[in-house]
Each structure stands twice: as structure tokens, then as C-alpha cells.
$ cat query-v8.txt   # compact mmCIF, C-alpha atoms and all ligand atoms
# COMPACT_ATOMS: atom_id res chain seq x y z
CA MET A 295 79.61 94.18 128.25
CA PHE A 296 83.17 94.43 127.10
CA ASN A 297 86.18 94.23 129.32
CA ARG A 298 88.59 97.12 129.45
CA LEU A 299 91.55 96.29 127.27
CA ILE A 300 94.28 95.82 129.81
CA ARG A 301 97.68 95.93 128.32
CA PRO A 302 100.94 96.75 130.05
CA TRP A 303 102.27 100.07 128.75
CA ASN A 304 105.73 98.77 128.46
CA THR A 305 106.46 95.32 127.15
CA LEU A 306 109.75 96.26 125.59
CA THR A 307 112.77 94.16 125.04
CA PRO A 308 116.27 95.63 125.22
CA TRP A 309 117.28 98.16 122.58
CA PRO A 310 116.20 96.90 119.17
CA ARG A 311 118.15 97.30 115.95
CA PRO A 312 116.99 98.52 112.55
CA GLY A 313 114.79 95.85 110.99
CA ASP A 314 113.72 94.32 114.29
CA LEU A 315 110.39 96.07 114.34
CA VAL A 316 109.51 94.85 110.88
CA ARG A 317 110.22 91.29 111.88
CA GLU A 318 108.33 91.74 115.13
CA LEU A 319 105.22 93.17 113.51
CA SER A 320 105.10 91.47 110.16
CA GLY A 321 103.23 88.50 111.55
CA THR A 322 100.57 90.56 113.27
CA MET A 323 99.94 93.63 111.11
CA GLY A 324 100.57 92.10 107.69
CA ASP A 325 99.21 94.95 105.60
CA GLY A 326 102.05 95.08 103.11
CA THR A 327 99.58 94.51 100.30
CA HIS A 328 98.55 98.15 100.27
CA PRO A 329 99.94 100.42 97.61
CA SER A 330 103.01 102.34 98.65
CA PHE A 331 102.79 105.54 100.63
CA ALA A 332 103.33 107.91 97.74
CA GLY A 333 103.36 105.46 94.94
CA GLN A 334 107.14 105.94 94.91
CA GLU A 335 108.21 104.22 98.09
CA GLN A 336 111.80 103.10 97.99
CA ARG A 337 112.00 99.78 99.74
CA ASN A 338 115.06 98.34 101.33
CA ASN A 339 115.42 95.00 99.62
CA SER A 340 117.34 93.59 102.54
CA GLN A 341 114.15 93.83 104.63
CA PRO A 342 111.23 91.41 104.49
CA SER A 343 108.11 93.12 103.14
CA GLY A 344 106.37 94.02 106.33
CA PRO A 345 103.84 96.56 107.47
CA SER A 346 103.76 100.08 106.18
CA TRP A 347 102.23 101.30 109.42
CA ARG A 348 98.79 101.49 107.83
CA ASN A 349 95.52 100.71 109.53
CA ASP A 350 93.01 98.24 108.11
CA THR A 351 91.51 100.84 105.80
CA GLY A 352 94.95 101.59 104.36
CA ARG A 353 95.61 104.96 105.97
CA PRO A 354 99.37 105.45 106.43
CA LEU A 355 100.88 106.02 109.87
CA ALA A 356 97.68 104.91 111.57
CA SER A 357 98.11 101.26 112.57
CA GLY A 358 97.26 100.32 116.15
CA ALA A 359 100.89 99.39 116.91
CA TRP A 360 102.20 102.68 115.54
CA LEU A 361 99.64 104.74 117.50
CA GLU A 362 100.38 102.85 120.69
CA ALA A 363 104.16 103.30 120.36
CA HIS A 364 103.62 107.06 120.06
CA HIS A 365 101.21 107.12 122.92
CA VAL A 366 103.38 105.22 125.35
CA ALA A 367 106.43 107.35 124.49
CA LYS A 368 104.52 110.58 125.05
CA LEU A 369 102.36 109.53 127.95
CA PRO A 370 103.52 112.18 130.49
CA GLU A 371 102.98 115.03 128.01
CA ARG A 372 99.68 113.60 126.77
CA SER A 373 98.34 113.10 130.30
CA ALA A 374 99.17 116.71 131.13
CA PHE A 375 97.36 117.85 128.00
CA ALA A 376 94.30 115.75 128.87
CA SER A 377 94.20 117.47 132.28
CA ARG A 378 94.15 120.86 130.54
CA ILE A 379 91.19 119.74 128.44
CA ALA A 380 89.39 118.46 131.54
CA GLU A 381 89.73 121.88 133.19
CA ARG A 382 87.12 123.13 130.72
CA LYS A 383 84.61 120.75 132.30
CA PRO A 384 83.14 119.47 129.02
CA ARG A 385 79.88 117.50 128.91
CA ARG A 386 80.62 115.95 125.52
CA ILE A 387 83.95 115.36 123.76
CA VAL A 388 84.13 114.16 120.15
CA ASP A 389 87.49 112.77 119.05
CA LEU A 390 87.84 112.96 115.24
CA GLY A 391 90.04 110.13 113.97
CA CYS A 392 90.06 108.51 117.41
CA GLY A 393 91.91 105.41 116.17
CA THR A 394 91.99 102.83 118.95
CA GLY A 395 90.78 105.33 121.56
CA LEU A 396 94.08 106.17 123.26
CA TRP A 397 93.39 109.87 123.75
CA LEU A 398 89.84 109.20 124.95
CA GLN A 399 91.25 106.75 127.47
CA LEU A 400 93.36 109.53 128.98
CA LEU A 401 90.36 111.84 128.95
CA SER A 402 88.25 109.20 130.63
CA ASP A 403 90.72 109.34 133.52
CA ALA A 404 90.59 113.13 133.61
CA VAL A 405 86.98 114.25 133.02
CA SER A 406 83.83 113.90 135.09
CA PRO A 407 81.80 110.67 134.80
CA ASP A 408 78.90 112.62 133.30
CA CYS A 409 80.95 113.73 130.27
CA GLU A 410 80.05 111.77 127.13
CA LEU A 411 83.02 110.50 125.12
CA LEU A 412 82.44 109.96 121.40
CA GLY A 413 85.04 108.56 119.04
CA ILE A 414 84.76 108.93 115.25
CA ASP A 415 86.86 107.00 112.78
CA SER A 416 86.42 105.33 109.41
CA ASP A 417 88.43 102.28 110.45
CA GLU A 418 86.18 99.56 111.92
CA ALA A 419 89.06 97.54 113.36
CA ALA A 420 90.38 100.56 115.26
CA LEU A 421 86.88 101.27 116.54
CA ALA A 422 86.50 97.69 117.75
CA SER A 423 89.71 98.09 119.80
CA ALA A 424 88.46 101.40 121.13
CA ARG A 425 85.14 99.85 122.22
CA LEU A 426 86.98 97.15 124.13
CA ARG A 427 89.22 99.73 125.76
CA ALA A 428 86.22 101.79 126.85
CA THR A 429 84.23 99.06 128.55
CA ALA A 430 85.16 99.93 132.10
CA TRP A 431 85.16 103.70 131.69
CA PRO A 432 82.79 105.45 134.06
CA GLN A 433 81.55 107.72 131.26
CA SER A 434 79.17 106.88 128.46
CA ALA A 435 81.41 106.09 125.47
CA GLU A 436 80.38 105.53 121.85
CA PHE A 437 82.49 104.84 118.79
CA THR A 438 81.00 105.52 115.37
CA ALA A 439 82.23 104.66 111.90
CA LEU A 440 82.05 107.83 109.84
CA ASP A 441 84.18 109.68 107.32
CA PHE A 442 84.38 113.02 109.07
CA GLU A 443 85.34 114.83 105.89
CA THR A 444 82.68 113.59 103.49
CA GLN A 445 80.04 113.03 106.20
CA ALA A 446 80.87 116.02 108.39
CA ASN A 447 77.24 117.07 108.49
CA GLU A 448 76.41 113.87 110.37
CA LEU A 449 78.75 114.71 113.25
CA PRO A 450 77.04 115.40 116.56
CA ASP A 451 77.49 118.71 118.38
CA ALA A 452 80.03 118.82 121.21
CA ASP A 453 81.68 121.01 123.82
CA ILE A 454 85.07 119.88 122.61
CA PHE A 455 86.17 118.45 119.29
CA LEU A 456 89.64 116.93 119.07
CA ALA A 457 91.47 116.83 115.71
CA PHE A 458 94.79 115.25 116.63
CA ASN A 459 97.08 114.33 113.75
CA VAL A 460 94.17 113.91 111.36
CA PHE A 461 94.28 116.98 109.10
CA PRO A 462 96.96 115.51 106.76
CA TYR A 463 94.30 113.03 105.57
CA ILE A 464 91.80 115.80 104.80
CA THR A 465 91.54 117.50 101.42
CA ASN A 466 89.35 120.49 102.21
CA LEU A 467 90.35 121.81 105.63
CA TRP A 468 88.47 125.09 105.22
CA GLU A 469 85.16 123.36 104.71
CA LEU A 470 85.75 120.97 107.60
CA LEU A 471 86.71 123.81 109.96
CA ALA A 472 83.55 125.73 109.02
CA THR A 473 81.34 122.69 109.64
CA LEU A 474 83.00 121.96 112.97
CA LYS A 475 82.58 125.55 114.07
CA SER A 476 78.83 125.23 113.49
CA LYS A 477 78.73 122.15 115.71
CA ILE A 478 80.53 123.51 118.75
CA ARG A 479 78.24 124.19 121.68
CA PRO A 480 78.38 127.62 123.33
CA GLY A 481 81.57 127.95 125.36
CA GLY A 482 83.16 124.99 123.59
CA CYS A 483 86.17 124.65 121.32
CA LEU A 484 88.01 122.68 118.68
CA ILE A 485 91.51 121.56 119.64
CA VAL A 486 93.99 120.76 116.87
CA ARG A 487 97.31 119.03 117.31
CA GLN A 488 99.57 118.46 114.31
CA TYR A 489 103.09 117.14 113.92
CA ASP A 490 105.16 117.86 110.81
CA GLY A 491 107.81 115.67 109.23
CA ALA A 492 110.19 118.62 108.79
CA LEU A 493 110.08 119.37 112.52
CA LEU A 494 111.19 115.99 113.69
CA ARG A 495 114.87 115.71 114.39
CA ILE A 496 117.22 113.02 115.60
CA GLY A 497 120.85 113.70 116.32
CA PRO A 498 123.57 114.52 116.58
CA MET A 499 124.63 113.88 113.00
CA SER A 500 126.68 115.71 110.40
CA ASP A 501 125.02 118.35 108.20
CA ARG A 502 125.76 116.22 105.18
CA ASP A 503 124.05 113.12 106.58
CA ARG A 504 121.08 115.14 107.76
CA GLN A 505 120.65 116.78 104.39
CA LEU A 506 120.91 113.47 102.58
CA ILE A 507 118.34 111.79 104.79
CA ASP A 508 115.89 114.71 104.98
CA LEU A 509 115.94 115.47 101.26
CA SER A 510 115.61 111.83 100.35
CA LEU A 511 112.60 111.39 102.66
CA MET A 512 110.95 114.53 101.39
CA ALA A 513 111.43 113.51 97.77
CA SER A 514 109.92 110.14 98.55
CA VAL A 515 106.82 111.04 100.56
CA ALA A 516 105.95 114.66 99.74
CA GLY A 517 103.23 114.81 97.13
CA SER A 518 101.37 111.75 98.38
CA GLY A 519 97.72 112.03 97.49
CA GLN A 520 96.75 110.03 100.57
CA PHE A 521 98.53 111.80 103.34
CA LYS A 522 100.68 114.87 103.92
CA HIS A 523 103.78 114.27 106.01
CA TYR A 524 104.70 117.96 105.66
CA ASP A 525 101.42 119.68 106.37
CA LEU A 526 102.13 122.25 109.04
CA ASP A 527 101.90 125.33 106.83
CA ARG A 528 98.60 124.29 105.28
CA VAL A 529 97.19 123.50 108.72
CA PHE A 530 98.50 126.76 110.16
CA GLU A 531 97.07 128.83 107.30
CA SER A 532 93.69 127.11 107.44
CA VAL A 533 93.41 127.48 111.19
CA ALA A 534 94.70 131.06 111.27
CA SER A 535 92.35 132.23 108.56
CA SER A 536 89.32 130.28 109.79
CA SER A 537 86.28 132.14 111.04
CA PHE A 538 86.73 131.14 114.69
CA HIS A 539 86.60 134.19 116.98
CA SER A 540 89.33 133.04 119.32
CA LYS A 541 92.42 131.31 117.91
CA GLU A 542 95.19 130.37 120.29
CA ILE A 543 97.90 128.90 118.10
CA ASP A 544 101.10 127.69 119.64
CA PHE A 545 103.79 125.02 119.34
CA GLU A 546 104.86 122.31 121.72
CA VAL A 547 108.24 120.61 121.77
CA PHE A 548 108.45 116.94 122.57
CA ARG A 549 112.01 115.93 123.44
CA ARG A 550 114.00 113.08 124.89
CA VAL A 551 117.73 113.02 125.52
CA ALA A 552 119.64 109.75 125.99
CA PRO A 553 119.66 107.71 128.10
CA TYR A 554 116.09 107.17 126.92
CA PRO A 555 113.31 105.80 129.08
CA PRO A 556 112.36 102.30 127.94
CA GLU A 557 108.84 103.40 126.98
CA PHE A 558 110.33 105.80 124.42
CA GLN A 559 112.45 103.27 122.56
CA ASN A 560 109.77 101.66 120.38
CA TYR A 561 108.72 105.08 119.14
CA LEU A 562 112.27 105.97 118.14
CA LEU A 563 112.70 102.62 116.48
CA ASN A 564 109.40 103.04 114.61
CA THR A 565 110.46 106.45 113.39
CA VAL A 566 113.87 105.24 112.20
CA GLU A 567 112.40 102.14 110.61
CA TRP A 568 109.66 104.04 108.79
CA THR A 569 112.15 106.61 107.54
CA ARG A 570 114.63 104.04 106.26
CA ARG A 571 111.88 102.39 104.19
CA HIS A 572 111.30 105.58 102.25
CA ILE A 573 114.79 106.87 101.58
CA SER A 574 117.58 106.14 99.09
CA ASP A 575 120.17 103.41 99.69
CA GLU A 576 122.83 106.00 100.43
CA ALA A 577 120.66 107.89 102.89
CA ARG A 578 119.65 104.60 104.54
CA GLU A 579 123.28 103.68 105.06
CA ARG A 580 123.87 106.98 106.85
CA LEU A 581 120.76 106.57 108.98
CA ASP A 582 121.70 103.00 109.89
CA ALA A 583 125.19 104.15 110.84
CA TRP A 584 123.69 106.81 113.12
CA HIS A 585 121.33 104.31 114.67
CA LEU A 586 124.03 101.76 115.29
CA LYS A 587 126.24 104.40 116.85
CA THR A 588 123.52 105.71 119.13
CA GLY A 589 121.75 102.38 119.47
CA HIS A 590 123.20 101.80 122.86
CA ALA A 591 121.79 105.05 124.07
CA ASN A 592 120.96 103.48 127.39
CA ALA A 593 124.63 103.69 128.16
CA THR A 594 125.37 107.06 129.68
CA SER A 595 128.43 107.53 127.49
CA VAL A 596 126.41 107.71 124.25
CA GLN A 597 124.83 111.08 123.54
CA SER A 598 121.81 111.39 121.31
CA TYR A 599 118.51 113.22 121.19
CA PHE A 600 115.08 113.20 119.59
CA MET A 601 112.85 116.22 119.25
CA GLU A 602 109.61 116.99 117.51
CA VAL A 603 107.44 120.10 117.30
CA ASP A 604 103.64 119.98 117.22
CA LEU A 605 101.29 122.77 116.32
CA VAL A 606 98.64 123.07 119.03
CA ALA A 607 95.59 125.26 118.44
CA TRP A 608 92.55 126.01 120.60
CA LEU A 609 89.75 127.45 118.47
CA SER A 610 86.45 128.78 119.73
C1 LIG A 701 97.38 109.23 112.59
S1 LIG A 701 95.92 108.54 113.21
C2 LIG A 701 95.65 109.62 114.62
C3 LIG A 701 94.95 108.92 115.75
C4 LIG A 701 94.77 109.80 116.98
N1 LIG A 701 93.98 110.97 116.71
C5 LIG A 701 96.09 110.18 117.59
O1 LIG A 701 96.47 111.34 117.53
O2 LIG A 701 96.75 109.29 118.15
C6 LIG A 701 94.67 109.09 112.10
C7 LIG A 701 93.31 108.45 112.34
O3 LIG A 701 92.33 109.22 111.64
C8 LIG A 701 91.50 108.34 110.91
N2 LIG A 701 90.99 109.09 109.76
C9 LIG A 701 91.73 109.74 108.83
N3 LIG A 701 90.93 110.37 107.98
C10 LIG A 701 89.65 110.11 108.36
C11 LIG A 701 88.37 110.49 107.86
N4 LIG A 701 88.24 111.28 106.78
N5 LIG A 701 87.27 110.03 108.51
C12 LIG A 701 87.39 109.24 109.59
N6 LIG A 701 88.58 108.87 110.13
C13 LIG A 701 89.69 109.29 109.51
C14 LIG A 701 92.36 107.16 110.56
O4 LIG A 701 91.58 106.00 110.30
C15 LIG A 701 93.23 107.03 111.82
O5 LIG A 701 92.61 106.22 112.79

$ encode --input "query-v8.txt" --output "C-alpha cells"
Amino acid sequence: MFNRLIRPWNTLTPWPRPGDLVRELSGTMGDGTHPSFAGQEQRNNSQPSGPSWRNDTGRPLASGAWLEAHHVAKLPERSAFASRIAERKPRRIVDLGCGTGLWLQLLSDAVSPDCELLGIDSDEAALASARLRATAWPQSAEFTALDFETQANELPDADIFLAFNVFPYITNLWELLATLKSKIRPGGCLIVRQYDGALLRIGPMSDRDRQLIDLSLMASVAGSGQFKHYDLDRVFESVASSSFHSKEIDFEVFRRVAPYPPEFQNYLLNTVEWTRRHISDEARERLDAWHLKTGHANATSVQSYFMEVDLVAWLS
């Protein structure tokens, strides 16, 4: 028997500054030996070489710390979404690219004890964390190491498949969607959630600074063979032209306006820190200036915002 992984949601210190996260995580994540994100990462030489937010198998933007920072920041919205899934009264949910099991944890709180929860991921370390997390869940929970693109035929059937922020790692979305469709039980569905780098915005900042930062980031990470930071159009087209009978495709806005809740701050810091590692020196200077200016966003006098748009699709 495992024990449920009990971890306080919020163990944050006061507002961190650019570079703090790298120092904080470099001792624990230590995966800086992986090749750069797009093979053209522009590193800030003033920073120690720290994590690139990869998981143990080298997938970018998938480390446990990164996933947890997102999860904690978005907990109210994610909990509400889990309740919507639970309304469908599923008997088996399969989470594709479950990572450390954060979404399944929310679903465990929301669905009936007789619903099976199955997590699929290729990263053994993430699965080990997920198994620990699941120990005290009332449902039967299993976590299986599988590449759900190349081994899609081995996936079990399910009432609900989740594909949350996993399509950017997948080469042939059409084929995967067709296979998933064949594995959905009658009355079931596939739910897709997908962020896009171009629909993530921090501000306020001048047009010039925004253009400098956005274009520099795009030039640095677009074209990566490993992962697509700007994937919304491909995902939309694949989903919209798939052979599912019912396709409810929509967008959700995630937003926070300063003063930020403490549980949001690590996510913002992660986002700024990740961005500054991939952009030009000039763009980094502008981003750092923005962050320093808004860094005391807990003070009511400083105005700033963060917003991000996710594609959300229910396919059956
Ligand atoms: C960005 S994380 C998303 C985690 C979670 N779904 C969420 O939204 O918080 C992507 C996860 O998908 C996994 N993954 C990516 N491609 C995969 C594949 N082809 N087979 C299995 N797992 C994969 C990664 O290991 C990682 O855990």
C-alpha cells in the first residue's frame, strides 16, 4: 500500500524575482543535460544552467514542478472542470499523458468510487509520483507506462479519454484521434484541452516590448521537432475535421489580475523564467524590466495581468 502524497498546495515564499526559480529548482530537478528545446535555445549566461522544465524522459514543459505550479495556480478552474466531467457519470476514465496524476486526483474527488481511473504516460518517474498520490483514492487507480502515439492500439477502452496539453508532443494527430474514437465506449467522449504560446499574455507593456519578446520567443521555439508551443491551429483543424459525430469546440480564458493570489505566483514566475531562457538579450532585458516593475504586484498600487486561452473540445 502506498500513502497518498500529501503536500501543501501552497508553500510559497514572498514574491520571487527572475532567476530565483532556477536557483530553487536546480538542485532538485537537475535535468539541464538534455538537448535544448529547439536545438537553438538562447541561454542567459548570467543564469546558472538549471532545469529546462523537462521530465525525466526529456519532454519539455512536463517536469513535476512545472505541472504542479500550473495546477495550483488554476485549481479553482480545474476543479470546476472536473465537476463537469463527473456529471457524465463515467465508469472508466483514461488520462493520456497523466504526468504525476494531478488531474486524476481532482477527478478522484469528483467521481463515484466505482469509476476506474487509469493514467497513461511514458515517463516512469511521473507515474511513480502518480501511484503514490493515488494510494488513498476510493477508486481503483492504475498507472501504465505506454507511448500513446506509437502504442495507441494497446490503450484500453474508456467512457472518457482526457488529452490535456499532450497533442503538441504528437506527430500524427489524425491517426491518434481515429484510434481513440474506436476505443470510446457508447455514450462516452474524448476531452481535449490545449494551450497555445501565442495566446498567453502578460501586461501591460508597450507594443514595442511585446513585439520584441513575442517574436524572439517564436523564433527560438517554433519549429522544435520535440514539441509545438504554437499548436492551436493544428489541434483545431485535426479535431474539427475528425470523424467524431459530435464536436463541441470552444475556448476558455484563464485570467488573473494583480494583486495575485499567492498560489498563482509560482506559475507566473515559471512562465517568465522559461520565456527569458529562450529569448534574445534585448528581449530579456525588456521582460526583466516588466517583471521588476510588476514584481510587487501584491501591492494594490501596481497593476498587471496574466491571461491565457485554452482550446477545449468535447468529442463523441
Ligand atoms: C505537458 S504534460 C501534461 C500533463 C497533464 N496532462 C496536464 O495537463 O497537466 C505532458 C505529459 O504527456 C506525456 N507524454 C507526451 N507524449 C507522450 C506519449 N507519446 N506517450 C505517453 N506520454 C506522453 C509527458 O511525459 C508528460 O507527462

$ closest_residue --input "query-v8.txt" --among "A:Glu362, A:Gly413, A:Leu470, A:Pro432" --to "Phe558 of chain A" --atoms "all atoms listed in the file"
A:Glu362

$ residues_near_ligand --input "query-v8.txt" --ligand "ligand LIG 701 (chain A)" --cutoff "9 Å" --atoms "only C-alpha atoms and all ligand atoms" --output "VMD selection string"
chain A and resid 348 to 358 360 to 362 364 to 365 389 to 397 414 to 418 420 to 421 439 to 446 456 to 465 487 to 488 521

$ atom_distance --input "query-v8.txt" --atom1 "atom CA of Leu398 of chain A" --atom2 "atom CA of Asp544 of chain A"
22.3 Å

$ atom_distance --input "query-v8.txt" --atom1 "atom CA of Met512 of chain A" --atom2 "atom CA of Thr569 of chain A"
10.1 Å

$ residues_around --input "query-v8.txt" --residues "Lys475 of chain A" --least-positions-apart "5" --cutoff "12 Å" --atoms "only C-alpha atoms" --output "list in words"
Ala446, Asn447, Leu449, Pro450, Asp451, Ala452, Asp453, Ile454, Phe455, Trp468, Glu469, Leu470, Pro480, Gly481, Gly482, Cys483, Leu484, Ile485, Val533, Ser536, Ser537, Phe538, His539, Ser540, Trp608, Leu609 and Ser610 of chain A

$ closest_residue --input "query-v8.txt" --among "A:Met601, A:Glu557, A:Arg378, A:Asp408" --to "Asp490 of chain A" --atoms "all atoms listed in the file"
A:Met601

$ atom_distance --input "query-v8.txt" --atom1 "atom CA of Asp525 of chain A" --atom2 "atom CA of Ile543 of chain A"
15.3 Å

$ closest_residue --input "query-v8.txt" --among "A:Pro555, A:Tyr524, A:Glu531, A:Met499" --to "Lys587 of chain A" --atoms "all atoms listed in the file"
A:Met499

$ residues_around --input "query-v8.txt" --residues "Ala583 of chain A" --least-positions-apart "5" --cutoff "12 Å" --atoms "all atoms listed in the file" --output "PyMOL selection string"
chain A and resi 311-312+497-500+503+507+566+570+576-578+588-589

$ axis_aligned_box --input "query-v8.txt" --around "segment 404-412 of chain A" --padding-each-side "8 Å" --output "lines of an AutoDock Vina configuration file"
center_x = 84.7
center_y = 112.1
center_z = 128.2
size_x = 27.7
size_y = 20.3
size_z = 29.7

$ residues_around --input "query-v8.txt" --residues "Val603 of chain A" --least-positions-apart "3" --cutoff "6 Å" --atoms "only C-alpha atoms" --output "list in words"
Leu493, Glu546 and Val547 of chain A

$ closest_residue --input "query-v8.txt" --among "A:Val366, A:Leu412, A:Arg495, A:Leu509" --to "Ile573 of chain A" --atoms "all atoms listed in the file"
A:Leu509
